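So this one's target_22.cif, mmCIF, C-alpha atoms and all ligand atoms; chains and numbers go by the auth columns:
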```
data_my_file
#
loop_
_atom_site.group_PDB
_atom_site.id
_atom_site.type_symbol
_atom_site.label_atom_id
_atom_site.label_comp_id
_atom_site.label_asym_id
_atom_site.label_seq_id
_atom_site.Cartn_x
_atom_site.Cartn_y
_atom_site.Cartn_z
_atom_site.B_iso_or_equiv
_atom_site.auth_seq_id
_atom_site.auth_asym_id
ATOM 1 C CA MET A 1 -82.155 22.340 21.255 0.00 1 A
ATOM 2 C CA ALA A 2 -79.059 23.310 19.311 0.00 2 A
ATOM 3 C CA LYS A 3 -75.708 22.659 20.893 0.00 3 A
ATOM 4 C CA ALA A 4 -72.246 23.999 20.240 0.00 4 A
ATOM 5 C CA VAL A 5 -68.709 22.887 20.983 0.00 5 A
ATOM 6 C CA SER A 6 -65.968 25.478 21.284 0.00 6 A
ATOM 7 C CA CYS A 7 -62.780 23.812 20.165 0.00 7 A
ATOM 8 C CA PRO A 8 -59.540 24.998 21.812 0.00 8 A
ATOM 9 C CA CYS A 9 -58.314 25.964 18.318 0.00 9 A
ATOM 10 C CA GLY A 10 -60.961 28.690 18.176 0.00 10 A
ATOM 11 C CA GLU A 11 -63.454 26.901 15.964 0.00 11 A
ATOM 12 C CA THR A 12 -67.067 26.706 17.102 0.00 12 A
ATOM 13 C CA ILE A 13 -68.987 23.673 15.932 0.00 13 A
ATOM 14 C CA LYS A 14 -72.750 23.949 16.116 0.00 14 A
ATOM 15 C CA ALA A 15 -75.541 21.502 15.349 0.00 15 A
ATOM 16 C CA ASP A 16 -79.241 20.971 15.934 0.00 16 A
ATOM 17 C CA THR A 17 -78.988 17.379 17.155 0.00 17 A
ATOM 18 C CA ASP A 18 -76.571 15.360 19.271 0.00 18 A
ATOM 19 C CA ASP A 19 -75.909 12.976 16.410 0.00 19 A
ATOM 20 C CA GLU A 20 -75.025 15.788 14.036 0.00 20 A
ATOM 21 C CA LEU A 21 -72.860 17.522 16.625 0.00 21 A
ATOM 22 C CA VAL A 22 -70.921 14.345 17.378 0.00 22 A
ATOM 23 C CA ARG A 23 -70.418 13.739 13.654 0.00 23 A
ATOM 24 C CA LEU A 24 -69.133 17.273 13.062 0.00 24 A
ATOM 25 C CA VAL A 25 -66.876 17.301 16.129 0.00 25 A
ATOM 26 C CA GLN A 26 -65.414 13.932 15.162 0.00 26 A
ATOM 27 C CA ALA A 27 -64.820 15.141 11.597 0.00 27 A
ATOM 28 C CA HIS A 28 -63.197 18.343 12.873 0.00 28 A
ATOM 29 C CA GLY A 29 -61.004 16.474 15.346 0.00 29 A
ATOM 30 C CA LYS A 30 -59.818 14.113 12.659 0.00 30 A
ATOM 31 C CA ALA A 31 -59.312 16.696 9.909 0.00 31 A
ATOM 32 C CA VAL A 32 -57.800 19.525 11.938 0.00 32 A
ATOM 33 C CA HIS A 33 -56.226 17.845 14.949 0.00 33 A
ATOM 34 C CA ASN A 34 -55.646 14.297 13.700 0.00 34 A
ATOM 35 C CA GLN A 35 -57.449 13.153 16.843 0.00 35 A
ATOM 36 C CA GLU A 36 -60.193 10.621 17.454 0.00 36 A
ATOM 37 C CA VAL A 37 -63.020 12.082 19.532 0.00 37 A
ATOM 38 C CA SER A 38 -65.421 9.767 21.296 0.00 38 A
ATOM 39 C CA ARG A 39 -69.146 10.461 21.394 0.00 39 A
ATOM 40 C CA GLU A 40 -68.901 10.956 25.167 0.00 40 A
ATOM 41 C CA ASP A 41 -66.088 13.498 24.798 0.00 41 A
ATOM 42 C CA ALA A 42 -67.900 15.391 22.067 0.00 42 A
ATOM 43 C CA LEU A 43 -71.080 15.622 24.118 0.00 43 A
ATOM 44 C CA SER A 44 -69.242 16.490 27.322 0.00 44 A
ATOM 45 C CA MET A 45 -67.760 19.537 25.564 0.00 45 A
ATOM 46 C CA ALA A 46 -71.156 20.614 24.225 0.00 46 A
ATOM 47 C CA GLN A 47 -72.980 23.663 25.502 0.00 47 A
ATOM 48 C CA PRO A 48 -76.454 24.950 24.688 0.00 48 A
ATOM 49 C CA ALA A 49 -76.511 27.229 21.646 0.00 49 A
ATOM 50 C CA ASP A 50 -79.293 29.280 20.148 0.00 50 A
HETATM 51 ZN ZN ZN B . -60.255 22.492 16.596 0.00 101 B
#
```
Represent the supplied structure as structure tokens.
Ligand SMILES: [Zn+2]
Amino acid sequence: MAKAVSCPCGETIKADTDDELVRLVQAHGKAVHNQEVSREDALSMAQPAD
């Protein structure tokens, strides 16, 4: 099932797998917020998406 993370900055990051979602959230955190995001944090922010 696809999952999505709504970043506080307004960006929505969506992916089909946990691994992909974590990778995208980590890349976004680093590029946009200069912040390291752990796998646990990325997945804890994830919500089901269609
Ligand atoms: Zn953001």
Would you write out, as CSV, a table of all residues in chain A that have an atom no more than 9 Å from an atom of ligand ZN 101 (chain B), listing for each the closest atom pair and the distance in Å to one decimal, considering all atoms listed in the file and ordering rows by chain and rising residue number?
```
residue,atom,partner,partner_atom,distance
A:Ser6,CA,B:ZN101,ZN,8.0
A:Cys7,CA,B:ZN101,ZN,4.6
A:Pro8,CA,B:ZN101,ZN,5.8
A:Cys9,CA,B:ZN101,ZN,4.3
A:Gly10,CA,B:ZN101,ZN,6.4
A:Glu11,CA,B:ZN101,ZN,5.5
A:Thr12,CA,B:ZN101,ZN,8.0
A:Ile13,CA,B:ZN101,ZN,8.8
A:Val25,CA,B:ZN101,ZN,8.4
A:His28,CA,B:ZN101,ZN,6.3
A:Gly29,CA,B:ZN101,ZN,6.2
A:Ala31,CA,B:ZN101,ZN,8.9
A:Val32,CA,B:ZN101,ZN,6.0
A:His33,CA,B:ZN101,ZN,6.4
```
inquiry  = Can you measure atom CA of Val37 of chain A to atom CA of Thr17 of chain A for me? One decimal in Å is fine.
reply    =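 Taking atom CA of Val37 of chain A as the start and atom CA of Thr17 of chain A as the end point, the length is 17.0 Å.
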Within 8 Å of Gln47 of chain A, counting only C-alpha atoms, which residues qualify if same-chain residues fewer than 5 places away don't, as a PDB file with C-alpha atoms, keeping the file's coordinate frame?
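Just written: part.pdb:
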```pdb
ATOM      1  CA  LYS A   3     -75.708  22.659  20.893  1.00  0.00           C
ATOM      2  CA  ALA A   4     -72.246  23.999  20.240  1.00  0.00           C
ATOM      3  CA  VAL A   5     -68.709  22.887  20.983  1.00  0.00           C
TER       4      VAL A   5
END
```
message = What would the selection look like, as a ChimeraX atom specification, if the PyMOL selection byres (((chain A and resi 18) around 10) and not hetatm) were run on the coordinates I just shared?
response = /A:1-4,14-17,19-24,39,42-43,46
Residues as selected, C-alpha atoms, written as an mmCIF file, keeping the file's coordinate frame, can you do that?
```
data_model
loop_
_atom_site.group_PDB
_atom_site.id
_atom_site.type_symbol
_atom_site.label_atom_id
_atom_site.label_comp_id
_atom_site.auth_asym_id
_atom_site.auth_seq_id
_atom_site.Cartn_x
_atom_site.Cartn_y
_atom_site.Cartn_z
ATOM 1 C CA MET A 1 -82.155 22.340 21.255
ATOM 2 C CA ALA A 2 -79.059 23.310 19.311
ATOM 3 C CA LYS A 3 -75.708 22.659 20.893
ATOM 4 C CA ALA A 4 -72.246 23.999 20.240
ATOM 5 C CA LYS A 14 -72.750 23.949 16.116
ATOM 6 C CA ALA A 15 -75.541 21.502 15.349
ATOM 7 C CA ASP A 16 -79.241 20.971 15.934
ATOM 8 C CA THR A 17 -78.988 17.379 17.155
ATOM 9 C CA ASP A 19 -75.909 12.976 16.410
ATOM 10 C CA GLU A 20 -75.025 15.788 14.036
ATOM 11 C CA LEU A 21 -72.860 17.522 16.625
ATOM 12 C CA VAL A 22 -70.921 14.345 17.378
ATOM 13 C CA ARG A 23 -70.418 13.739 13.654
ATOM 14 C CA LEU A 24 -69.133 17.273 13.062
ATOM 15 C CA ARG A 39 -69.146 10.461 21.394
ATOM 16 C CA ALA A 42 -67.900 15.391 22.067
ATOM 17 C CA LEU A 43 -71.080 15.622 24.118
ATOM 18 C CA ALA A 46 -71.156 20.614 24.225
#
```
request  = Please work out which residues fall within 6 Å of (-63.1, 11.2, 19.9), coordinates as given in the file, with only C-alpha atoms counting, and return them as a list of chain:residue names.
outcome  = A:Gln26, A:Glu36, A:Val37, A:Ser38
Let me have the centre and edge lengths of the axis-aligned box enclosing all listed atoms of segment 1-16 of chain A with 5 Å padding on every side, in Å to one decimal, as AutoDock Vina command-line options.
```
--center_x -70.2 --center_y 24.8 --center_z 18.6 --size_x 33.8 --size_y 17.7 --size_z 16.5
```
Coordinates of chain A, C-alpha atoms, as a PDB file, in the first residue's frame:
```
ATOM      1  CA  MET A   1       0.000   0.000   0.000  1.00  0.00           C
ATOM      2  CA  ALA A   2       1.244   3.465  -0.865  1.00  0.00           C
ATOM      3  CA  LYS A   3       2.117   5.783   1.968  1.00  0.00           C
ATOM      4  CA  ALA A   4       2.548   9.521   2.201  1.00  0.00           C
ATOM      5  CA  VAL A   5       4.269  11.924   4.559  1.00  0.00           C
ATOM      6  CA  SER A   6       2.982  15.468   4.872  1.00  0.00           C
ATOM      7  CA  CYS A   7       5.951  17.624   5.722  1.00  0.00           C
ATOM      8  CA  PRO A   8       5.287  20.704   7.886  1.00  0.00           C
ATOM      9  CA  CYS A   9       6.668  22.816   5.010  1.00  0.00           C
ATOM     10  CA  GLY A  10       3.662  21.845   2.894  1.00  0.00           C
ATOM     11  CA  GLU A  11       5.343  19.221   0.750  1.00  0.00           C
ATOM     12  CA  THR A  12       3.705  15.813   0.449  1.00  0.00           C
ATOM     13  CA  ILE A  13       6.056  12.916  -0.134  1.00  0.00           C
ATOM     14  CA  LYS A  14       4.465   9.765  -1.478  1.00  0.00           C
ATOM     15  CA  ALA A  15       5.851   6.325  -2.258  1.00  0.00           C
ATOM     16  CA  ASP A  16       4.728   2.777  -2.937  1.00  0.00           C
ATOM     17  CA  THR A  17       7.075   1.085  -0.471  1.00  0.00           C
ATOM     18  CA  ASP A  18       8.458   1.857   2.978  1.00  0.00           C
ATOM     19  CA  ASP A  19      12.008   1.786   1.674  1.00  0.00           C
ATOM     20  CA  GLU A  20      11.242   4.287  -1.063  1.00  0.00           C
ATOM     21  CA  LEU A  21       9.307   6.538   1.302  1.00  0.00           C
ATOM     22  CA  VAL A  22      12.130   6.580   3.842  1.00  0.00           C
ATOM     23  CA  ARG A  23      14.634   7.362   1.085  1.00  0.00           C
ATOM     24  CA  LEU A  24      12.542  10.247  -0.254  1.00  0.00           C
ATOM     25  CA  VAL A  25      11.764  11.688   3.183  1.00  0.00           C
ATOM     26  CA  GLN A  26      15.432  11.520   4.155  1.00  0.00           C
ATOM     27  CA  ALA A  27      16.439  13.214   0.892  1.00  0.00           C
ATOM     28  CA  HIS A  28      13.800  15.915   1.393  1.00  0.00           C
ATOM     29  CA  GLY A  29      14.809  16.503   5.006  1.00  0.00           C
ATOM     30  CA  LYS A  30      18.432  16.868   4.035  1.00  0.00           C
ATOM     31  CA  ALA A  31      17.907  18.997   0.924  1.00  0.00           C
ATOM     32  CA  VAL A  32      15.154  21.298   2.162  1.00  0.00           C
ATOM     33  CA  HIS A  33      15.535  21.349   5.933  1.00  0.00           C
ATOM     34  CA  ASN A  34      19.186  20.382   6.403  1.00  0.00           C
ATOM     35  CA  GLN A  35      17.925  17.747   8.832  1.00  0.00           C
ATOM     36  CA  GLU A  36      18.711  14.073   9.273  1.00  0.00           C
ATOM     37  CA  VAL A  37      15.551  11.967   9.450  1.00  0.00           C
ATOM     38  CA  SER A  38      15.708   8.496  10.918  1.00  0.00           C
ATOM     39  CA  ARG A  39      13.839   5.590   9.361  1.00  0.00           C
ATOM     40  CA  GLU A  40      11.653   5.393  12.479  1.00  0.00           C
ATOM     41  CA  ASP A  41      10.762   9.090  12.266  1.00  0.00           C
ATOM     42  CA  ALA A  42       9.992   8.887   8.565  1.00  0.00           C
ATOM     43  CA  LEU A  43       7.708   5.899   9.044  1.00  0.00           C
ATOM     44  CA  SER A  44       6.047   7.352  12.131  1.00  0.00           C
ATOM     45  CA  MET A  45       4.991  10.376  10.054  1.00  0.00           C
ATOM     46  CA  ALA A  46       3.642   8.180   7.254  1.00  0.00           C
ATOM     47  CA  GLN A  47      -0.047   7.831   6.531  1.00  0.00           C
ATOM     48  CA  PRO A  48      -1.852   5.578   4.070  1.00  0.00           C
ATOM     49  CA  ALA A  49      -2.180   7.127   0.614  1.00  0.00           C
ATOM     50  CA  ASP A  50      -4.019   5.950  -2.456  1.00  0.00           C
TER      51      ASP A  50
END
```
